[in-house]
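Shown next: query.cif, containing mmCIF, C-alpha atoms.
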```cif
data_input
loop_
_atom_site.label_atom_id
_atom_site.label_comp_id
_atom_site.auth_asym_id
_atom_site.auth_seq_id
_atom_site.Cartn_x
_atom_site.Cartn_y
_atom_site.Cartn_z
CA MET U 1352 -9.53 19.33 -3.35
CA GLN U 1353 -11.25 19.87 -6.69
CA LEU U 1354 -13.75 17.16 -5.77
CA TYR U 1355 -14.69 19.02 -2.57
CA MET U 1356 -15.02 22.29 -4.50
CA LEU U 1357 -17.56 20.53 -6.71
CA VAL U 1358 -19.37 19.38 -3.57
CA GLY U 1359 -19.39 23.01 -2.44
CA PHE U 1360 -20.84 24.16 -5.75
CA ALA U 1361 -23.55 21.51 -5.39
CA LEU U 1362 -24.29 22.92 -1.91
CA HIS U 1363 -24.41 26.45 -3.41
CA HIS U 1364 -21.34 27.67 -1.50
CA VAL U 1365 -17.80 26.53 -2.29
CA LEU U 1366 -16.63 27.16 1.29
CA LEU U 1367 -18.93 24.38 2.51
CA GLY U 1368 -17.12 21.92 0.26
CA LEU U 1369 -13.70 23.17 1.37
CA GLY U 1370 -14.81 23.00 4.99
CA ILE U 1371 -15.68 19.32 4.49
CA TYR U 1372 -12.24 18.84 2.93
CA VAL U 1373 -10.54 20.34 6.00
CA LEU U 1374 -12.56 18.10 8.34
CA VAL U 1375 -11.68 14.98 6.33
CA GLN U 1376 -8.02 15.97 6.24
CA THR U 1377 -7.96 16.73 9.97
CA PHE U 1378 -9.48 13.33 10.68
CA SER U 1379 -6.90 11.70 8.38
CA PHE U 1380 -4.03 13.46 10.16
CA ALA U 1381 -5.45 12.32 13.51
CA ILE U 1382 -5.52 8.72 12.29
CA GLY U 1383 -1.91 9.05 11.13
CA VAL U 1384 -0.81 10.43 14.50
CA MET U 1385 -2.70 7.64 16.26
CA LEU U 1386 -0.96 5.03 14.09
CA VAL U 1387 2.47 6.49 14.91
CA LEU U 1388 1.80 6.48 18.66
CA CYS U 1389 0.30 2.98 18.63
CA TYR U 1390 3.15 1.61 16.54
CA LEU U 1391 5.81 3.11 18.80
CA ARG U 1392 4.03 1.65 21.81
CA LYS U 1393 3.95 -1.74 20.07
CA ILE U 1394 7.73 -1.78 19.55
CA GLY U 1395 8.40 -0.85 23.17
CA ALA U 1396 8.62 2.94 23.39
CA ALA U 1397 8.54 4.26 26.96
CA ARG U 1398 5.47 6.16 28.09
CA SER U 1399 7.59 9.27 28.66
CA LEU U 1400 8.77 9.11 25.05
CA LEU U 1401 5.20 8.65 23.81
CA LEU U 1402 4.07 11.62 25.90
CA ALA U 1403 6.83 13.80 24.43
CA ILE U 1404 5.82 12.80 20.89
CA PHE U 1405 2.13 13.37 21.66
CA LEU U 1406 2.90 16.87 22.96
CA PHE U 1407 4.98 17.59 19.85
CA PHE U 1408 2.07 16.65 17.60
CA ALA U 1409 -0.37 18.64 19.75
CA PHE U 1410 1.55 21.90 20.19
CA CYS U 1411 4.31 22.20 17.57
CA PRO U 1412 3.38 25.30 15.48
CA ALA U 1413 4.76 23.69 12.32
CA ILE U 1414 2.23 20.86 12.73
CA VAL U 1415 -0.77 22.63 14.23
CA GLY U 1416 -0.69 25.34 11.56
CA ALA U 1417 -0.54 22.73 8.79
CA VAL U 1418 -3.76 20.90 9.69
CA PRO U 1419 -6.21 23.13 7.72
CA THR U 1420 -3.89 23.76 4.76
CA MET U 1421 -5.07 22.73 1.30
CA ALA U 1422 -2.11 21.71 -0.84
CA LYS U 1423 -0.55 18.66 -2.44
CA ASP U 1424 1.94 18.46 0.42
CA SER U 1425 -0.74 18.06 3.09
CA LEU U 1426 -2.50 15.38 1.02
CA HIS U 1427 0.85 13.68 0.44
CA THR U 1428 1.50 13.66 4.21
CA VAL U 1429 -1.74 11.75 4.81
CA PHE U 1430 -0.28 8.85 2.79
CA LEU U 1431 3.37 9.28 3.82
CA LEU U 1432 2.69 8.75 7.54
CA PRO U 1433 1.37 5.15 7.23
CA LEU U 1434 3.93 4.40 4.49
CA SER U 1435 6.71 5.45 6.87
CA ILE U 1436 5.41 3.03 9.51
CA ILE U 1437 5.41 0.13 7.02
CA TYR U 1438 8.88 1.14 5.83
CA VAL U 1439 10.20 1.09 9.40
CA GLU U 1440 8.52 -2.24 10.13
CA ILE U 1441 10.13 -3.82 7.05
CA PHE U 1442 13.50 -2.68 8.38
CA LEU U 1443 12.86 -3.90 11.93
CA THR U 1444 11.68 -7.34 10.77
CA ARG U 1445 14.37 -7.64 8.06
CA GLY U 1446 11.59 -7.98 5.52
CA LYS U 1447 9.67 -10.78 7.25
CA VAL U 1448 6.53 -8.65 7.60
CA LEU U 1449 6.11 -8.88 3.82
CA HIS U 1450 5.09 -12.52 4.24
CA ARG U 1451 1.69 -11.02 5.08
CA ARG U 1452 -0.20 -10.28 1.86
CA PRO U 1453 -2.23 -7.33 3.24
CA VAL U 1454 1.03 -5.57 4.09
CA CYS U 1455 2.24 -5.96 0.51
CA VAL U 1456 -1.04 -4.62 -0.83
CA MET U 1457 -0.92 -1.61 1.51
CA LEU U 1458 2.70 -0.99 0.57
CA VAL U 1459 1.82 -0.86 -3.13
CA LEU U 1460 -1.21 1.39 -2.58
CA LEU U 1461 0.58 3.84 -0.28
CA VAL U 1462 3.63 4.13 -2.53
CA ALA U 1463 1.37 4.76 -5.52
CA LEU U 1464 -0.67 7.37 -3.63
CA CYS U 1465 2.48 9.12 -2.38
CA MET U 1466 3.82 9.33 -5.94
CA LEU U 1467 0.51 10.60 -7.27
CA SER U 1468 0.08 13.26 -4.60
CA LYS U 1469 3.56 14.79 -4.98
CA ARG U 1470 5.85 14.48 -7.98
CA THR U 1471 9.16 14.98 -6.13
CA ALA U 1472 8.19 12.25 -3.65
CA THR U 1473 9.01 9.70 -6.33
CA VAL U 1474 12.71 10.54 -6.07
CA ALA U 1475 12.78 10.28 -2.27
CA ILE U 1476 10.81 7.02 -2.21
CA LEU U 1477 12.92 5.39 -4.94
CA CYS U 1478 16.17 6.26 -3.16
CA ALA U 1479 14.83 5.10 0.22
CA PHE U 1480 13.66 1.80 -1.24
CA CYS U 1481 17.09 1.20 -2.80
CA VAL U 1482 18.48 1.37 0.74
CA LEU U 1483 15.71 -0.96 1.89
CA VAL U 1484 16.47 -3.55 -0.81
CA ALA U 1485 20.15 -3.47 0.09
CA SER U 1486 19.42 -3.88 3.81
CA VAL U 1487 16.70 -6.49 4.22
CA LYS U 1488 17.44 -10.21 4.19
CA LYS U 1489 13.99 -11.53 3.46
CA ASN U 1490 11.62 -10.83 0.58
CA ARG U 1491 13.87 -8.46 -1.38
CA LEU U 1492 12.06 -9.55 -4.52
CA LYS U 1493 8.73 -8.52 -2.97
CA VAL U 1494 10.13 -5.06 -2.14
CA VAL U 1495 11.31 -4.59 -5.74
CA ALA U 1496 8.06 -5.97 -7.17
CA SER U 1497 5.99 -3.70 -4.92
CA MET U 1498 7.89 -0.65 -6.13
CA ILE U 1499 7.55 -1.59 -9.79
CA ILE U 1500 3.82 -2.33 -9.47
CA ALA U 1501 3.27 0.94 -7.57
CA MET U 1502 5.11 3.00 -10.21
CA VAL U 1503 3.21 1.36 -13.07
CA LEU U 1504 -0.07 1.84 -11.22
CA ALA U 1505 0.61 5.49 -10.36
CA GLN U 1506 2.37 6.83 -13.42
CA GLY U 1507 1.33 4.38 -16.09
CA ILE U 1508 -2.36 3.92 -15.29
CA ILE U 1509 -3.91 6.28 -12.72
CA GLU U 1510 -2.15 9.54 -13.64
CA PRO U 1511 -2.85 9.30 -17.42
CA ALA U 1512 -6.45 8.31 -16.64
CA LEU U 1513 -6.93 11.31 -14.34
CA VAL U 1514 -5.45 13.67 -16.94
CA ARG U 1515 -7.84 12.27 -19.54
CA VAL U 1516 -10.93 12.39 -17.31
CA THR U 1517 -10.29 15.87 -15.89
CA HIS U 1518 -8.95 17.30 -19.19
CA ALA U 1519 -5.97 18.61 -17.25
CA GLU U 1520 -3.18 20.35 -19.11
CA VAL U 1521 0.21 18.69 -18.63
CA SER U 1522 2.71 21.48 -18.14
CA PRO U 1523 6.36 20.76 -18.98
CA GLY U 1524 8.63 20.53 -15.95
CA LYS U 1525 11.22 23.30 -15.82
CA GLU U 1526 12.12 23.25 -12.14
CA VAL U 1527 15.18 20.98 -12.37
CA MET U 1528 16.81 22.98 -15.15
CA GLY U 1529 15.77 26.21 -13.42
CA LEU U 1530 17.60 25.06 -10.28
CA ILE U 1531 20.71 24.14 -12.26
CA MET U 1532 20.75 27.48 -14.07
CA MET U 1533 20.43 29.66 -10.95
CA PRO U 1534 24.19 30.50 -10.93
CA VAL U 1535 24.01 31.57 -14.59
CA ALA U 1536 21.13 33.93 -13.82
CA ARG U 1537 23.03 35.31 -10.82
CA ILE U 1538 26.20 35.99 -12.80
CA GLN U 1539 24.20 37.58 -15.61
CA SER U 1540 22.45 39.85 -13.10
CA ILE U 1541 25.61 41.13 -11.38
CA SER U 1542 28.54 40.65 -13.80
CA PRO U 1543 27.39 39.63 -17.29
CA GLU U 1544 30.88 40.23 -18.69
CA ARG U 1545 32.05 37.10 -16.85
CA ILE U 1546 30.14 34.95 -19.36
CA SER U 1547 32.31 34.48 -22.43
CA PRO U 1548 30.78 34.73 -25.93
CA GLN U 1549 31.24 30.96 -26.41
CA GLU U 1550 29.57 30.16 -23.10
CA ARG U 1551 26.77 32.62 -23.80
CA SER U 1552 26.13 31.08 -27.18
CA ALA U 1553 25.92 27.56 -25.75
CA LEU U 1554 23.80 28.56 -22.75
CA SER U 1555 21.38 30.61 -24.86
CA SER U 1556 19.96 27.40 -26.28
CA LEU U 1557 18.90 26.38 -22.76
CA LEU U 1558 17.52 29.65 -21.40
CA ASN U 1559 16.94 33.31 -22.17
CA ILE U 1560 20.05 34.61 -20.41
CA ASP U 1561 19.16 38.31 -20.60
CA LYS U 1562 15.70 37.76 -19.15
CA ALA U 1563 17.07 35.39 -16.49
CA GLY U 1564 19.51 38.07 -15.34
CA LYS U 1565 16.87 40.80 -15.21
CA THR U 1566 14.36 38.70 -13.25
CA TYR U 1567 16.84 36.83 -11.01
CA THR U 1568 15.67 36.37 -7.43
CA ASN U 1569 18.15 34.82 -5.03
CA TYR U 1570 15.66 32.99 -2.79
CA ARG U 1571 13.60 31.05 -5.37
CA ILE U 1572 13.98 29.52 -8.82
CA ASP U 1573 10.59 30.46 -10.35
CA GLU U 1574 11.82 33.46 -12.33
CA THR U 1575 14.78 31.51 -13.72
CA SER U 1576 12.59 28.49 -14.54
CA TRP U 1577 10.29 30.66 -16.64
CA THR U 1578 13.22 31.47 -18.94
CA ILE U 1579 14.10 27.82 -19.64
CA ASN U 1580 13.77 26.54 -23.21
CA ASN U 1581 12.20 23.08 -23.12
CA GLU U 1582 12.60 22.70 -26.87
CA ALA U 1583 16.40 22.42 -26.73
CA SER U 1584 17.78 19.31 -28.43
CA ILE U 1585 19.93 16.71 -26.69
CA ALA U 1586 23.02 18.05 -28.46
CA GLN U 1587 22.20 21.60 -27.35
CA LYS U 1588 21.68 20.44 -23.78
CA ILE U 1589 25.02 18.64 -23.71
CA LYS U 1590 26.80 21.67 -25.14
CA GLY U 1591 24.97 23.99 -22.73
CA ILE U 1592 25.84 21.87 -19.68
CA GLY U 1593 29.46 21.90 -20.81
CA ALA U 1594 29.36 25.71 -20.86
CA TRP U 1595 27.68 25.68 -17.43
CA VAL U 1596 30.55 23.59 -16.04
CA SER U 1597 33.13 25.87 -17.65
CA LEU U 1598 31.46 28.96 -16.19
CA GLY U 1599 31.42 27.30 -12.78
CA VAL U 1600 35.12 26.49 -12.91
CA HIS U 1601 35.88 30.19 -13.44
CA ASN U 1602 33.25 31.45 -10.96
CA PRO U 1603 33.00 28.89 -8.13
CA GLY U 1604 32.15 31.53 -5.54
CA GLU U 1605 29.08 32.73 -7.43
CA TYR U 1606 27.83 29.16 -7.82
CA VAL U 1607 28.17 28.61 -4.06
CA LYS U 1608 26.35 31.88 -3.36
CA ALA U 1609 23.55 31.08 -5.82
CA PHE U 1610 22.80 27.67 -4.32
CA GLY U 1611 23.60 28.79 -0.76
CA ASN U 1612 21.12 31.68 -0.88
CA LEU U 1613 18.45 29.34 -2.22
CA MET U 1614 18.97 26.76 0.54
CA LEU U 1615 19.87 29.14 3.37
CA GLY U 1616 16.59 28.87 5.28
CA TRP U 1617 16.85 25.10 5.46
CA PHE U 1618 20.03 25.19 7.57
CA TYR U 1619 20.23 28.70 9.04
CA PRO U 1620 17.51 29.56 11.63
CA GLN U 1621 16.47 32.89 10.18
CA VAL U 1622 12.76 32.32 9.44
CA GLY U 1623 9.91 30.72 11.39
CA VAL U 1624 7.47 28.22 9.85
CA PHE U 1625 4.15 29.94 9.23
CA TYR U 1626 1.31 28.84 6.94
CA GLY U 1627 -0.74 32.01 7.20
CA SER U 1628 -3.97 32.81 9.00
CA ASN U 1629 -5.74 35.09 6.51
CA SER U 1630 -6.47 34.19 2.89
CA ASP U 1631 -7.51 37.64 1.68
CA GLY U 1632 -4.08 38.31 0.21
CA LEU U 1633 -4.54 35.40 -2.20
CA PHE U 1634 -7.56 37.08 -3.76
CA SER U 1635 -6.17 40.55 -4.35
CA ASP U 1636 -6.69 42.13 -7.78
CA GLN U 1637 -3.15 41.15 -8.80
CA TYR U 1638 -3.66 37.53 -7.80
CA MET U 1639 -7.04 37.38 -9.54
CA ILE U 1640 -5.30 38.21 -12.83
CA GLN U 1641 -3.04 35.21 -12.22
CA TRP U 1642 -5.96 32.93 -11.29
CA ASP U 1643 -7.72 33.96 -14.51
CA SER U 1644 -4.96 32.17 -16.45
CA PHE U 1645 -6.14 28.84 -14.97
CA VAL U 1646 -9.70 28.99 -16.32
CA ARG U 1647 -11.22 29.29 -19.76
CA PRO U 1648 -14.23 31.33 -20.95
CA PRO U 1649 -17.07 31.45 -20.17
CA LEU U 1650 -15.67 30.84 -16.68
CA SER U 1651 -13.59 33.49 -14.95
CA ALA U 1652 -11.61 33.50 -11.70
CA GLU U 1653 -14.18 35.88 -10.24
CA ASN U 1654 -17.01 33.40 -10.93
CA VAL U 1655 -15.13 30.46 -9.43
CA LEU U 1656 -13.58 32.21 -6.41
CA HIS U 1657 -16.30 34.72 -5.56
CA ASP U 1658 -17.35 32.86 -2.38
CA MET U 1659 -13.77 32.90 -1.07
CA ARG U 1660 -13.09 36.60 -1.41
CA GLY U 1661 -13.43 38.80 1.63
CA THR U 1662 -13.62 35.91 4.10
CA GLY U 1663 -10.41 36.73 5.99
CA GLN U 1664 -12.02 39.08 8.51
CA LYS U 1665 -13.14 37.15 11.57
CA SER U 1666 -14.23 38.15 15.07
CA SER U 1667 -11.76 40.20 17.08
CA LEU U 1668 -11.24 37.29 19.48
CA LEU U 1669 -10.29 34.93 16.67
CA MET U 1670 -8.04 37.54 15.07
CA ARG U 1671 -6.22 38.11 18.37
CA ALA U 1672 -5.75 34.37 18.82
CA ALA U 1673 -4.47 34.04 15.25
CA ASP U 1674 -2.08 36.95 15.81
CA ALA U 1675 -0.72 35.35 19.00
CA GLY U 1676 -0.17 32.08 17.16
CA GLN U 1677 1.51 33.92 14.31
CA GLN U 1678 3.97 35.63 16.66
CA ILE U 1679 5.07 32.23 17.96
CA ALA U 1680 5.20 30.59 14.53
CA ILE U 1681 7.29 33.28 12.82
CA ASN U 1682 9.82 33.44 15.65
CA PRO U 1683 12.95 31.68 14.31
CA ILE U 1684 14.21 31.05 17.83
CA LEU U 1685 11.14 28.95 18.61
CA ASN U 1686 10.08 27.53 15.25
CA ALA U 1687 12.75 27.84 12.54
CA TYR U 1688 12.67 25.78 9.33
CA ALA U 1689 16.25 24.75 10.06
CA TYR U 1690 15.26 22.86 13.23
CA TYR U 1691 12.96 20.46 11.39
CA ALA U 1692 14.81 20.29 8.07
CA THR U 1693 18.37 19.94 9.33
CA TYR U 1694 19.21 19.94 13.01
CA ILE U 1695 16.71 17.43 14.45
CA PRO U 1696 17.32 14.88 11.62
CA LEU U 1697 21.07 15.42 11.98
CA LEU U 1698 20.95 14.89 15.75
CA LEU U 1699 18.92 11.69 15.25
CA LEU U 1700 21.54 10.43 12.79
CA ILE U 1701 24.43 11.24 15.14
CA TYR U 1702 22.66 9.68 18.14
CA GLY U 1703 21.76 6.51 16.24
CA MET U 1704 25.28 6.06 14.92
CA SER U 1705 26.90 6.78 18.28
CA ARG U 1706 24.70 4.10 19.92
CA LYS U 1707 25.24 1.72 16.97
CA ARG U 1708 21.52 1.52 16.33
CA TRP U 1709 22.07 0.71 12.68
CA ILE U 1710 18.54 -0.48 11.94
CA ALA U 1711 17.16 2.85 13.20
CA VAL U 1712 19.77 4.68 11.10
CA GLY U 1713 18.86 2.64 8.03
CA ALA U 1714 15.13 3.12 8.55
CA GLY U 1715 15.81 6.83 8.86
CA SER U 1716 16.88 6.88 5.22
CA LEU U 1717 13.27 7.64 4.26
CA LEU U 1718 13.43 10.77 6.43
CA GLY U 1719 16.89 11.59 5.10
CA PHE U 1720 15.89 11.49 1.44
CA ASN U 1721 12.83 13.62 2.14
CA VAL U 1722 15.16 16.16 3.77
CA LEU U 1723 17.42 16.00 0.72
CA VAL U 1724 14.44 16.82 -1.51
CA LEU U 1725 13.89 19.96 0.60
CA TYR U 1726 17.38 21.17 -0.26
CA LEU U 1727 16.55 20.73 -3.95
CA SER U 1728 13.23 22.61 -3.65
CA PRO U 1729 12.43 25.77 -5.64
CA LEU U 1730 12.43 27.84 -2.43
CA VAL U 1731 12.21 27.58 1.35
CA PHE U 1732 8.47 27.15 1.80
CA ALA U 1733 6.32 25.97 4.71
CA TRP U 1734 4.28 23.53 2.62
CA TYR U 1735 7.40 21.74 1.34
CA LEU U 1736 8.48 21.15 4.95
CA LEU U 1737 5.12 19.71 6.02
CA PRO U 1738 5.75 15.98 5.22
CA VAL U 1739 9.13 16.02 6.99
CA THR U 1740 7.67 17.66 10.10
CA PHE U 1741 4.94 15.03 10.41
CA ILE U 1742 7.21 11.98 10.03
CA LEU U 1743 9.95 13.35 12.33
CA PRO U 1744 8.29 12.05 15.56
CA LEU U 1745 8.21 8.48 14.19
CA PHE U 1746 11.94 8.47 13.52
CA PHE U 1747 12.63 10.24 16.79
CA GLY U 1748 10.69 7.47 18.48
CA ILE U 1749 12.44 4.52 16.83
CA THR U 1750 15.87 6.05 17.39
CA GLY U 1751 15.06 6.54 21.05
CA CYS U 1752 13.54 3.15 21.82
CA ILE U 1753 15.39 0.58 19.70
CA ALA U 1754 18.33 -0.85 21.64
CA GLU U 1755 20.18 -3.22 19.36
CA LYS U 1756 22.77 -5.82 20.16
CA GLN U 1757 26.38 -5.01 19.39
#
```
What would you get if you wrote out this structure as structure tokens?
Amino acid sequence: MQLYMLVGFALHHVLLGLGIYVLVQTFSFAIGVMLVLCYLRKIGAARSLLLAIFLFFAFCPAIVGAVPTMAKDSLHTVFLLPLSIIYVEIFLTRGKVLHRRPVCVMLVLLVALCMLSKRTATVAILCAFCVLVASVKKNRLKVVASMIIAMVLAQGIIEPALVRVTHAEVSPGKEVMGLIMMPVARIQSISPERISPQERSALSSLLNIDKAGKTYTNYRIDETSWTINNEASIAQKIKGIGAWVSLGVHNPGEYVKAFGNLMLGWFYPQVGVFYGSNSDGLFSDQYMIQWDSFVRPPLSAENVLHDMRGTGQKSSLLMRAADAGQQIAINPILNAYAYYATYIPLLLLIYGMSRKRWIAVGAGSLLGFNVLVLYLSPLVFAWYLLPVTFILPLFFGITGCIAEKQ
């Protein structure tokens, strides 16, 4: 997106560059959808099934609303869609498709691009490819080699080069430890006396317990993550994790509540998927203070984002249409996170197993690990769901059309 912002600056209006970005992304999504439909037709999907999938792509609010979004998740989805097709084809052919060199090259490139575009995708892809290696009969070595080459290319060559060229600041990751320490922050916020002096001493080397308790928010990990101490030694981490386990043994209910509250939206249909239809809120005075922390003098957030401020007001007709779309999107009965993140994938798994369609079940591991990553996310957020929503129709299609021999 930064590249398109530079294009916008060259055209004397940043929105022109971002508009080009949205058009390119929309075209990329359309190609991905076309590939899914063509592939399903190739492997024998019925026309009625293809029509159902086409209508899902065309009218599902969780997909339609995502098309103009500008985030790492939408870029990641552009690469994940064709990667999912190759992944499924490797399963269906028991690895024979990897005899074709262009497929191997595309596999390496798409895996590398998926890893570059979203950090947590690395975990899902690695786990899914472990299942793939264990399942295919042909070319297992090529699968392993493709993964190794892709990881070296993405994280050993391209990512360091991009950091060097763009002078990007590498921020230390605190999300994993922030997630783990959510129960500690919860207990500190409601009943600090439950933490013994020994446990408090050990845990204090990992996070600022007092601050974590004061800023604890039950639906996201950000506030807890900001209290994490990345300078803790290995010995301190081991001792702190031991205290965390001890605290959990004495307070299992609070641990369940801490993680349950964080993941609730993924399995309980209480919130609809909505990406927003007006950006003005992102450029309020409070947000501008935050955006200022991302630039250095002589630049300021006001200089960089001036063209974007005050653009949320459109014609009354457009605003009414956006409001109508919003009412559908936010309705949990029609468009809940839980449908896409839990219940549809779970139904596909149950259906595939009940019909003994083991190849479809195995191929669905890529979808399953992406769902698992959702449950380990910092919060229930529309953008995190986006890749899962887009690849769901592919796995719905293969589960519905692959009839395997007993």
- the PyMOL selection byres ((chain U and resi 1526-1528) around 12) resolved against shown file, as a PyMOL selection string: chain U and resi 1470-1471+1522-1525+1529-1536+1554+1557-1558+1571-1581+1583+1588+1591-1592+1595+1724+1727-1730
Go ahead and save the residues from that selection, with C-alpha atoms, as a PDB file, in the frame of the given file.
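Ended up saving to part23.pdb:
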```pdb
ATOM      1  CA  ARG U1470       5.850  14.480  -7.980  1.00  0.00           C
ATOM      2  CA  THR U1471       9.160  14.980  -6.130  1.00  0.00           C
ATOM      3  CA  SER U1522       2.710  21.480 -18.140  1.00  0.00           C
ATOM      4  CA  PRO U1523       6.360  20.760 -18.980  1.00  0.00           C
ATOM      5  CA  GLY U1524       8.630  20.530 -15.950  1.00  0.00           C
ATOM      6  CA  LYS U1525      11.220  23.300 -15.820  1.00  0.00           C
ATOM      7  CA  GLY U1529      15.770  26.210 -13.420  1.00  0.00           C
ATOM      8  CA  LEU U1530      17.600  25.060 -10.280  1.00  0.00           C
ATOM      9  CA  ILE U1531      20.710  24.140 -12.260  1.00  0.00           C
ATOM     10  CA  MET U1532      20.750  27.480 -14.070  1.00  0.00           C
ATOM     11  CA  MET U1533      20.430  29.660 -10.950  1.00  0.00           C
ATOM     12  CA  PRO U1534      24.190  30.500 -10.930  1.00  0.00           C
ATOM     13  CA  VAL U1535      24.010  31.570 -14.590  1.00  0.00           C
ATOM     14  CA  ALA U1536      21.130  33.930 -13.820  1.00  0.00           C
ATOM     15  CA  LEU U1554      23.800  28.560 -22.750  1.00  0.00           C
ATOM     16  CA  LEU U1557      18.900  26.380 -22.760  1.00  0.00           C
ATOM     17  CA  LEU U1558      17.520  29.650 -21.400  1.00  0.00           C
ATOM     18  CA  ARG U1571      13.600  31.050  -5.370  1.00  0.00           C
ATOM     19  CA  ILE U1572      13.980  29.520  -8.820  1.00  0.00           C
ATOM     20  CA  ASP U1573      10.590  30.460 -10.350  1.00  0.00           C
ATOM     21  CA  GLU U1574      11.820  33.460 -12.330  1.00  0.00           C
ATOM     22  CA  THR U1575      14.780  31.510 -13.720  1.00  0.00           C
ATOM     23  CA  SER U1576      12.590  28.490 -14.540  1.00  0.00           C
ATOM     24  CA  TRP U1577      10.290  30.660 -16.640  1.00  0.00           C
ATOM     25  CA  THR U1578      13.220  31.470 -18.940  1.00  0.00           C
ATOM     26  CA  ILE U1579      14.100  27.820 -19.640  1.00  0.00           C
ATOM     27  CA  ASN U1580      13.770  26.540 -23.210  1.00  0.00           C
ATOM     28  CA  ASN U1581      12.200  23.080 -23.120  1.00  0.00           C
ATOM     29  CA  ALA U1583      16.400  22.420 -26.730  1.00  0.00           C
ATOM     30  CA  LYS U1588      21.680  20.440 -23.780  1.00  0.00           C
ATOM     31  CA  GLY U1591      24.970  23.990 -22.730  1.00  0.00           C
ATOM     32  CA  ILE U1592      25.840  21.870 -19.680  1.00  0.00           C
ATOM     33  CA  TRP U1595      27.680  25.680 -17.430  1.00  0.00           C
ATOM     34  CA  VAL U1724      14.440  16.820  -1.510  1.00  0.00           C
ATOM     35  CA  LEU U1727      16.550  20.730  -3.950  1.00  0.00           C
ATOM     36  CA  SER U1728      13.230  22.610  -3.650  1.00  0.00           C
ATOM     37  CA  PRO U1729      12.430  25.770  -5.640  1.00  0.00           C
ATOM     38  CA  LEU U1730      12.430  27.840  -2.430  1.00  0.00           C
TER      39      LEU U1730
END
```
- Message: Using Å and a single decimal, report how far atom CA of U:Leu1745 sits from atom CA of U:Ile1500.
- Response: 26.4 Å
- Selection dump of the PyMOL selection byres ((chain U and resi 1505) around 10), as a count of residues only: 22
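With atom CA of U:Asn1490 on one side and atom CA of U:Met1385 on the other, the separation reads 28.1 Å.
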- Item | Among the residues U:Leu1369, U:Leu1391, U:His1363, U:Asn1559, the one that comes closest to U:Phe1746 [using only C-alpha atoms] |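 Among U:Leu1369, U:Leu1391, U:His1363, U:Asn1559, it is U:Leu1391 that comes nearest to U:Phe1746.
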- Task: Please identify all polymer residues within 8 Å of U:Leu1431, counting all atoms listed in the file, omitting same-chain residues fewer than 5 positions from it, and present them as an MDAnalysis selection string.
- Result: chainID U and resid 1461 1465 1738 1742
- Note on the structure: In terms of only C-alpha atoms, the residue from U:Leu1366, U:Phe1741, U:Val1448, U:Gln1539 at minimal distance from U:Arg1660 is U:Leu1366
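This file, queried with the PyMOL selection byres ((chain U and resi 1680-1686) around 8), gives the residues Pro1412, Ala1413, Pro1620, Gln1621, Val1622, Gly1623, Val1624, Phe1625, Gly1676, Gln1677, Gln1678, Ile1679, Ala1687, Tyr1688 and Tyr1690 of chain U.
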